[in-house]
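Quick notes on the structure that follows.
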Amino acid sequence: MLTGHDSLEKCLLHLAQHFQLPVSEATVRSFAVGINQGMTVEQFMQVAQRLGMGCALSPQDLATVTSNQLPLVLMQQDGHALVLMQRLSDDLFDVMDARYGDRSVEFTLAHLQADYSGMAIQVRSLVSHTRPVSAAAAEAQGHWFWSALKQSKWSYAQVATAAVLINFLALTTSIFTMVVYDRILPSQAVDSLIALTFGVMVALVVDFIIKSLRAVFIDDAGHHADQLIGQRIFDQMLDMKLVNRKGSAGGFANTLREFETLREFFTSATLATLVDLPFAIFFLVVIYMVAGPLGIVPLIAVPAIILLGVVVQPLLKRYTKEAYEQGQSKQGVLVEAISGLETVKTSGAGPLLRERWESCIRDQSSTGMRSRRVSHLVVNAAGFIQQAAQILMVVYGVFLIVGGQISMGALIASTMLCGRALAPLAQLTQILTRMNQARTSYQSLDSVMRAGTDHAAGRHYVSRPHLSGALELRDVSFRYPDQQQNALNQISLRIQPGEKVAILGRIGSGKSTVARLLLGLYEQDEGLVLADDTDLRQINPSDLRANIGVVQQDIWLVSGTLRQNIAIGGYRPSDAAILEASKVAGVHEFSSQHPLGYDMVLGEKGEGLSGGQKQAITIARALVGNPPLLVMDEPTSMMDVQTEKQVLQSLKSHCADKTLIIITHRTSLLELVDRVIILDKGKVVADGPKAMVMQTPSTPSAAHASANAGAIAASPSYV
């Protein structure tokens, strides 16, 4: 049954087709959030923007809708959505309602208004013959950071307005003191004192309210930007090409964590202090108006504090950069140790990792200590200048009072205003230090956000929601980043739909590399990789991966239930599909013996399960979406003989109509294939029917296999 959330997805696909955007269901779903629920209105708008469409959610009166406002996605009271495509007459509309299939239907105005919620999403295409999809999507989404802050411009404008009011209200106590000393005391005007006191108290209450509101505005702006920027960073990480992910996993995670530093700067009291800085000039002008010549003292103190803060910035900037790099190294060691803790304990690698950790801690601590010393020195110096300025104002003010140039009240008020002007400047060094940290964080994150992604900018992908399973490598050469030798050299091979192929070879022969290229995880340096005679680089990566079920050598399980770990291999698979895949993979055998069954909770990386059980789950995950093509890299290497035999029997019948590529060194898996390809040093050295290749000693690898086929599993020649 079609739900309201499902209907939003259908509406988006229909609009993409209407605007002639090459979009498939797999593409839309790859941008969605979660696997159990359908698309929400917020997700609809986010995905539409990524596809090059502009969206605006607003109340709409259907009776007054014009053709210029169409198409409109109407939200109904039951959560269902439909697309208003065309107004045929005053009382008749052309509508796309997914409940009636892909065809358009005609609805009357009264019929639409009966279930209409009053809210609609206006959608327009930003793509034209002069503006490609990438430019349109960039326009819709904007810059990953600045556009998010721009969406909170009203909140930041309120922060600026609040700063103006707060600094004007700061004059009240100084002016009150001056009036009391100069007017109230000499005339003993108690009634005037009471009135002034009441006025000042009102001003203080207003000041308290405005400061509280300013904090709320900053929090609101930060909350919205936090969600939007955090989502964009994680999306970029998921979509980033593997070739662009450099350094250790911990270092990369530390780079992404720098978002917290950036967020802290724009959502903390530092921002409020930064906004207050320009008002130092305002207070200097007021001091000059109130006390005339006395203004020379803060006029000298202000640039002295600013100069002090600016002079040390190059040094603090260097320390900030060093601390960031050392933090990356420390995080890399930490993640490496945690992820391999079991191996660290059993292999005795603790001393090595401890040495690296202590070295990182020592370096980072030393850099932090030097940075803090400089900061403390400057802060203390700024505090000294601030206090000295106030003392000098009092001393100089006495001479001016004696000379009859200013009053006692003017001296006291000016001294108070001097403290108010210099207070934010005394924190200038800390503010600039945090700005350096925020700048370093921004630059590191910006380099990640500018990195190439699977959905490359400027690329009009071919939508291939269904592939037959034909694959081809044509004169392909490939070298991993930072490597001196090619992993593949001029490889050519073709796999027909439904063909069952095994790829064998020595360590480092390029077996897994072939699989990575076929999966689109890396791009070849030379030659072509084709799927159904279409260059893989032209096919939307989401379509490609929706058509391929993968079992990798490195097993990855997510913390959650067994059902969730299997279900992520398909789009919202039914219980029947999960059960069928589990039975083929051998998962049902051990899950049926657990009290919670498929709701059994798995720890991180499947902690508590055996290696064979983990492999069974990954096989079930690969099968649950019923893809036409399967790529399996040592899928049963950790299983016992009996379990492996059962799984292979099930796979043989289940994969009868699928293209199957198996990378292995185990002879038991060869019963699933009809063709064998042998690689050596990145080249194809044998390719043909299984019986012929395994019997023809045309290469050292093939000769070894022919002479002792039963020893392949134990021989290092085919690891």
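Residues are named by chain letter and number: chains run A, B, ... in the order of the structure tokens, numbers start at 1 in each chain, and ligands are numbered from 1 in the order shown.
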Running DSSP on the backbone, which parts of stretch 287-495 of chain A land in strand (DSSP E or B), as an mmCIF file with C-alpha atoms, in the first residue's frame?
```
data_model
loop_
_atom_site.group_PDB
_atom_site.id
_atom_site.type_symbol
_atom_site.label_atom_id
_atom_site.label_comp_id
_atom_site.auth_asym_id
_atom_site.auth_seq_id
_atom_site.Cartn_x
_atom_site.Cartn_y
_atom_site.Cartn_z
ATOM 1 C CA THR A 453 32.526 12.890 -5.106
ATOM 2 C CA VAL A 462 22.847 8.172 -17.585
ATOM 3 C CA LEU A 471 30.543 -6.203 -17.655
ATOM 4 C CA GLU A 472 33.689 -5.414 -19.590
ATOM 5 C CA LEU A 473 37.209 -4.135 -18.932
ATOM 6 C CA ARG A 474 38.847 -2.833 -22.083
ATOM 7 C CA ASP A 475 42.621 -2.147 -21.962
ATOM 8 C CA VAL A 476 42.353 -1.032 -18.336
ATOM 9 C CA SER A 477 45.341 0.192 -16.336
ATOM 10 C CA PHE A 478 45.130 1.443 -12.769
ATOM 11 C CA LEU A 488 46.450 -3.453 -13.268
ATOM 12 C CA ASN A 489 48.197 -3.357 -16.647
ATOM 13 C CA GLN A 490 46.221 -3.294 -19.908
ATOM 14 C CA ILE A 491 43.585 -5.767 -18.714
ATOM 15 C CA SER A 492 40.805 -6.742 -21.111
ATOM 16 C CA LEU A 493 37.957 -9.116 -20.293
ATOM 17 C CA ARG A 494 34.226 -9.381 -20.923
ATOM 18 C CA ILE A 495 31.591 -11.042 -18.756
#
```
Worksheet item: Using only C-alpha atoms, which residues sit within 10 Å of A:His654 once same-chain residues fewer than 2 positions away are excluded, as a ChimeraX atom specification?
Response: /A:580-581,584,623,626,648-652,656-658
Keeping only N, CA and C atoms, write the selected residues as a PDB file, in the first residue's frame.
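To be explicit, this is the file written out as again_26.pdb:
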```pdb
ATOM      1  N   GLU A 580      14.195 -15.167   2.916  1.00  0.00           N
ATOM      2  CA  GLU A 580      14.724 -15.954   1.796  1.00  0.00           C
ATOM      3  C   GLU A 580      16.236 -15.781   1.677  1.00  0.00           C
ATOM      4  N   ALA A 581      16.714 -14.529   1.749  1.00  0.00           N
ATOM      5  CA  ALA A 581      18.151 -14.277   1.658  1.00  0.00           C
ATOM      6  C   ALA A 581      18.889 -14.922   2.823  1.00  0.00           C
ATOM      7  N   VAL A 584      19.301 -18.704   2.256  1.00  0.00           N
ATOM      8  CA  VAL A 584      20.341 -18.997   1.256  1.00  0.00           C
ATOM      9  C   VAL A 584      21.723 -18.815   1.862  1.00  0.00           C
ATOM     10  N   LEU A 623      22.231 -10.447  -1.119  1.00  0.00           N
ATOM     11  CA  LEU A 623      21.153 -11.119  -1.862  1.00  0.00           C
ATOM     12  C   LEU A 623      19.789 -10.481  -1.661  1.00  0.00           C
ATOM     13  N   ASN A 626      17.880  -8.656  -4.357  1.00  0.00           N
ATOM     14  CA  ASN A 626      17.707  -9.421  -5.600  1.00  0.00           C
ATOM     15  C   ASN A 626      18.366  -8.722  -6.792  1.00  0.00           C
ATOM     16  N   LEU A 648      26.895 -22.992  -0.454  1.00  0.00           N
ATOM     17  CA  LEU A 648      27.203 -23.103  -1.881  1.00  0.00           C
ATOM     18  C   LEU A 648      26.068 -23.774  -2.644  1.00  0.00           C
ATOM     19  N   GLN A 649      25.466 -24.782  -2.050  1.00  0.00           N
ATOM     20  CA  GLN A 649      24.325 -25.438  -2.701  1.00  0.00           C
ATOM     21  C   GLN A 649      23.167 -24.460  -2.884  1.00  0.00           C
ATOM     22  N   SER A 650      22.907 -23.662  -1.860  1.00  0.00           N
ATOM     23  CA  SER A 650      21.822 -22.677  -1.945  1.00  0.00           C
ATOM     24  C   SER A 650      22.150 -21.584  -2.956  1.00  0.00           C
ATOM     25  N   LEU A 651      23.411 -21.132  -2.957  1.00  0.00           N
ATOM     26  CA  LEU A 651      23.815 -20.085  -3.894  1.00  0.00           C
ATOM     27  C   LEU A 651      23.715 -20.559  -5.340  1.00  0.00           C
ATOM     28  N   LYS A 652      24.033 -21.808  -5.567  1.00  0.00           N
ATOM     29  CA  LYS A 652      24.042 -22.327  -6.938  1.00  0.00           C
ATOM     30  C   LYS A 652      22.661 -22.228  -7.568  1.00  0.00           C
ATOM     31  N   ALA A 656      21.163 -18.793 -10.351  1.00  0.00           N
ATOM     32  CA  ALA A 656      21.105 -19.418 -11.679  1.00  0.00           C
ATOM     33  C   ALA A 656      20.952 -18.396 -12.791  1.00  0.00           C
ATOM     34  N   ASP A 657      20.189 -17.330 -12.555  1.00  0.00           N
ATOM     35  CA  ASP A 657      19.941 -16.337 -13.604  1.00  0.00           C
ATOM     36  C   ASP A 657      20.709 -15.044 -13.380  1.00  0.00           C
ATOM     37  N   LYS A 658      21.702 -15.059 -12.504  1.00  0.00           N
ATOM     38  CA  LYS A 658      22.453 -13.851 -12.180  1.00  0.00           C
ATOM     39  C   LYS A 658      23.886 -13.937 -12.694  1.00  0.00           C
TER      40      LYS A 658
END
```
Practice prompt. Using only C-alpha atoms, determine which residues lie at most 7 Å from stretch 390-403 of chain A, disregarding the query and same-chain residues fewer than 2 positions distant; provide the list as a VMD selection string.
Written response: chain A and resid 294 297 386 to 388 405 to 408 411 415 418
For those residues, write N, CA and C atoms to a file as a CSV table (one decimal), in the first residue's frame.
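This is the output file part_31.csv:
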```
chain,number,residue,atom,x,y,z
A,294,LEU,N,40.2,64.6,28.4
A,294,LEU,CA,40.4,63.3,29.1
A,294,LEU,C,40.3,62.1,28.1
A,297,VAL,N,43.5,59.6,26.9
A,297,VAL,CA,44.0,58.4,27.6
A,297,VAL,C,43.5,57.2,26.9
A,386,GLN,N,44.6,48.3,30.5
A,386,GLN,CA,43.3,48.7,30.9
A,386,GLN,C,43.3,49.4,32.2
A,387,GLN,N,43.9,48.7,33.2
A,387,GLN,CA,43.9,49.3,34.6
A,387,GLN,C,44.7,50.6,34.6
A,388,ALA,N,45.9,50.6,33.9
A,388,ALA,CA,46.7,51.8,33.9
A,388,ALA,C,46.0,52.9,33.3
A,405,GLN,N,38.2,72.5,33.8
A,405,GLN,CA,37.8,72.1,32.4
A,405,GLN,C,36.8,71.0,32.4
A,406,ILE,N,36.7,70.2,33.5
A,406,ILE,CA,35.6,69.1,33.6
A,406,ILE,C,35.1,69.1,35.0
A,407,SER,N,34.0,68.4,35.2
A,407,SER,CA,33.4,68.3,36.5
A,407,SER,C,33.7,67.0,37.1
A,408,MET,N,33.4,66.8,38.4
A,408,MET,CA,33.7,65.6,39.1
A,408,MET,C,32.8,64.4,38.5
A,411,LEU,N,34.4,63.2,35.3
A,411,LEU,CA,35.5,62.3,35.5
A,411,LEU,C,35.1,60.9,35.8
A,415,THR,N,35.6,57.6,33.4
A,415,THR,CA,36.3,56.4,33.9
A,415,THR,C,35.5,55.1,33.7
A,418,CYS,N,35.5,54.3,30.0
A,418,CYS,CA,36.8,53.8,29.6
A,418,CYS,C,36.8,52.3,29.8
```
Item to complete: Name the residues in contact with A:Ile555 at a cut-off of 10 Å, using only C-alpha atoms, excluding same-chain residues fewer than 3 positions from it; report them as a ChimeraX atom specification.
Response: /A:551-552,605-606,611,614-615,617-618,635
Item to complete: Would you please extract all helix (DSSP H, G or I) residues from stretch 50-289 of chain A, as assigned by DSSP on the backbone, and give them as an NGL selection string?
Response: :A and (50 or 62-64 or 67-69 or 98-100 or 109-115 or 133-141 or 146-150 or 153-169 or 171-187 or 190-239 or 242-244 or 249-267 or 269-276 or 279-289)
Save the residues we just selected, C-alpha atoms, as a compact mmCIF listing (two decimals), in the first residue's frame?
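Below is the file again18.txt, written as the result:
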```txt
# COMPACT_ATOMS: atom_id res chain seq x y z
CA ARG A 50 20.58 18.30 -4.76
CA LEU A 62 -6.12 26.43 -4.72
CA ALA A 63 -8.88 28.70 -5.98
CA THR A 64 -6.36 31.41 -6.89
CA SER A 67 -0.18 28.58 -14.19
CA ASN A 68 2.99 30.45 -13.18
CA GLN A 69 2.88 28.76 -9.77
CA ALA A 98 0.69 7.99 -7.47
CA ARG A 99 -2.36 6.04 -6.32
CA TYR A 100 -3.52 6.05 -9.94
CA LEU A 109 -11.33 21.97 -7.43
CA ALA A 110 -13.87 20.70 -4.91
CA HIS A 111 -12.32 17.21 -4.93
CA LEU A 112 -8.83 18.64 -4.26
CA GLN A 113 -10.01 21.02 -1.54
CA ALA A 114 -11.80 18.23 0.34
CA ASP A 115 -8.53 16.63 1.54
CA VAL A 133 22.64 20.23 -13.28
CA SER A 134 25.73 20.83 -11.13
CA ALA A 135 25.40 24.61 -11.34
CA ALA A 136 21.67 24.39 -10.65
CA ALA A 137 22.22 22.15 -7.64
CA ALA A 138 24.97 24.45 -6.39
CA GLU A 139 22.61 27.42 -6.72
CA ALA A 140 19.86 25.59 -4.86
CA GLN A 141 22.11 24.39 -2.05
CA TRP A 146 28.10 30.34 4.23
CA SER A 147 24.69 29.48 2.82
CA ALA A 148 23.81 27.76 6.10
CA LEU A 149 24.72 30.91 8.03
CA LYS A 150 22.86 32.98 5.45
CA LYS A 153 20.71 35.99 8.64
CA TRP A 154 17.57 37.24 10.40
CA SER A 155 18.81 35.84 13.70
CA TYR A 156 22.25 37.38 13.22
CA ALA A 157 20.63 40.69 12.25
CA GLN A 158 18.75 40.56 15.54
CA VAL A 159 22.04 39.87 17.33
CA ALA A 160 23.54 42.99 15.73
CA THR A 161 20.47 45.06 16.62
CA ALA A 162 20.62 43.79 20.19
CA ALA A 163 24.30 44.77 20.36
CA VAL A 164 23.46 48.34 19.35
CA LEU A 165 20.74 48.61 21.99
CA ILE A 166 22.89 46.99 24.70
CA ASN A 167 25.78 49.37 24.10
CA PHE A 168 23.49 52.40 24.08
CA LEU A 169 21.91 51.24 27.32
CA LEU A 171 25.56 54.66 28.82
CA THR A 172 22.76 54.91 31.37
CA THR A 173 24.79 54.05 34.48
CA SER A 174 27.61 56.43 33.49
CA ILE A 175 25.25 59.29 32.65
CA PHE A 176 23.26 58.58 35.83
CA THR A 177 26.43 58.82 37.95
CA MET A 178 27.50 62.07 36.26
CA VAL A 179 24.09 63.69 36.73
CA VAL A 180 23.96 62.67 40.40
CA TYR A 181 27.39 64.16 41.14
CA ASP A 182 26.98 67.29 39.06
CA ARG A 183 23.28 68.13 39.47
CA ILE A 184 21.57 66.13 42.20
CA LEU A 185 24.13 66.50 45.01
CA PRO A 186 24.71 70.26 44.66
CA SER A 187 20.97 71.01 44.60
CA VAL A 190 15.81 64.08 46.03
CA ASP A 191 12.69 63.94 43.86
CA SER A 192 14.82 64.09 40.73
CA LEU A 193 17.07 61.36 42.16
CA ILE A 194 14.08 59.06 42.64
CA ALA A 195 12.88 59.68 39.10
CA LEU A 196 16.36 59.10 37.68
CA THR A 197 16.77 55.93 39.73
CA PHE A 198 13.48 54.58 38.43
CA GLY A 199 14.52 55.35 34.85
CA VAL A 200 17.90 53.66 35.27
CA MET A 201 16.29 50.55 36.79
CA VAL A 202 13.94 50.32 33.81
CA ALA A 203 16.96 50.60 31.50
CA LEU A 204 18.75 47.84 33.42
CA VAL A 205 15.73 45.54 33.16
CA VAL A 206 15.50 46.22 29.42
CA ASP A 207 19.24 45.58 29.14
CA PHE A 208 18.82 42.22 30.91
CA ILE A 209 15.95 41.24 28.59
CA ILE A 210 17.85 42.22 25.44
CA LYS A 211 20.98 40.33 26.53
CA SER A 212 18.89 37.24 27.22
CA LEU A 213 17.21 37.57 23.83
CA ARG A 214 20.59 37.98 22.16
CA ALA A 215 21.74 34.69 23.67
CA VAL A 216 18.55 33.04 22.38
CA PHE A 217 19.12 34.47 18.88
CA ILE A 218 22.69 33.16 18.82
CA ASP A 219 21.55 29.73 20.00
CA ASP A 220 18.75 29.58 17.43
CA ALA A 221 21.07 30.53 14.59
CA GLY A 222 23.66 28.03 15.78
CA HIS A 223 21.11 25.24 16.16
CA HIS A 224 19.85 25.61 12.59
CA ALA A 225 23.34 25.96 11.12
CA ASP A 226 24.57 23.03 13.22
CA GLN A 227 21.99 20.67 11.75
CA LEU A 228 22.38 21.84 8.15
CA ILE A 229 26.19 21.99 8.06
CA GLY A 230 26.54 18.72 9.98
CA GLN A 231 24.26 17.01 7.47
CA ARG A 232 26.20 18.42 4.51
CA ILE A 233 29.55 17.33 5.95
CA PHE A 234 28.34 13.78 6.56
CA ASP A 235 26.75 13.61 3.10
CA GLN A 236 30.05 14.73 1.58
CA MET A 237 31.92 12.07 3.55
CA LEU A 238 29.57 9.35 2.31
CA ASP A 239 29.77 10.54 -1.30
CA LEU A 242 37.87 6.87 -1.97
CA VAL A 243 40.87 8.18 -3.89
CA ASN A 244 40.37 11.57 -2.20
CA ALA A 249 40.85 7.03 9.49
CA GLY A 250 41.44 8.76 12.82
CA GLY A 251 43.00 11.79 11.14
CA PHE A 252 40.09 12.02 8.73
CA ALA A 253 37.61 11.71 11.61
CA ASN A 254 39.49 14.47 13.43
CA THR A 255 39.13 16.70 10.38
CA LEU A 256 35.37 16.16 10.37
CA ARG A 257 35.29 16.80 14.11
CA GLU A 258 36.72 20.27 13.48
CA PHE A 259 33.15 21.24 12.67
CA GLU A 260 32.63 21.49 16.42
CA THR A 261 35.34 24.16 16.69
CA LEU A 262 33.78 26.09 13.83
CA ARG A 263 30.30 25.79 15.30
CA GLU A 264 31.50 26.85 18.75
CA PHE A 265 32.89 30.11 17.38
CA PHE A 266 29.60 31.13 15.75
CA THR A 267 27.37 30.04 18.63
CA ALA A 269 29.74 34.28 23.76
CA THR A 270 32.82 34.96 21.61
CA LEU A 271 30.52 36.09 18.82
CA ALA A 272 28.74 38.53 21.15
CA THR A 273 32.09 39.95 22.29
CA LEU A 274 33.23 40.25 18.68
CA VAL A 275 30.10 42.25 17.83
CA ASP A 276 30.81 44.57 20.78
CA PHE A 279 31.51 50.06 19.88
CA ALA A 280 34.84 50.94 21.52
CA ILE A 281 34.98 53.83 19.04
CA PHE A 282 31.47 54.87 20.06
CA PHE A 283 32.49 55.04 23.73
CA LEU A 284 35.61 57.05 22.86
CA VAL A 285 33.40 59.62 21.13
CA VAL A 286 31.09 59.78 24.16
CA ILE A 287 34.10 60.24 26.49
CA TYR A 288 35.31 63.11 24.32
CA MET A 289 31.85 64.70 24.41
```
Worksheet item: What is the distance between atom CA of A:Glu322 and atom CA of A:Ala304, in Å to one decimal?
Response: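 So the two atoms, atom CA of A:Glu322 and atom CA of A:Ala304, lie 28.3 Å apart.
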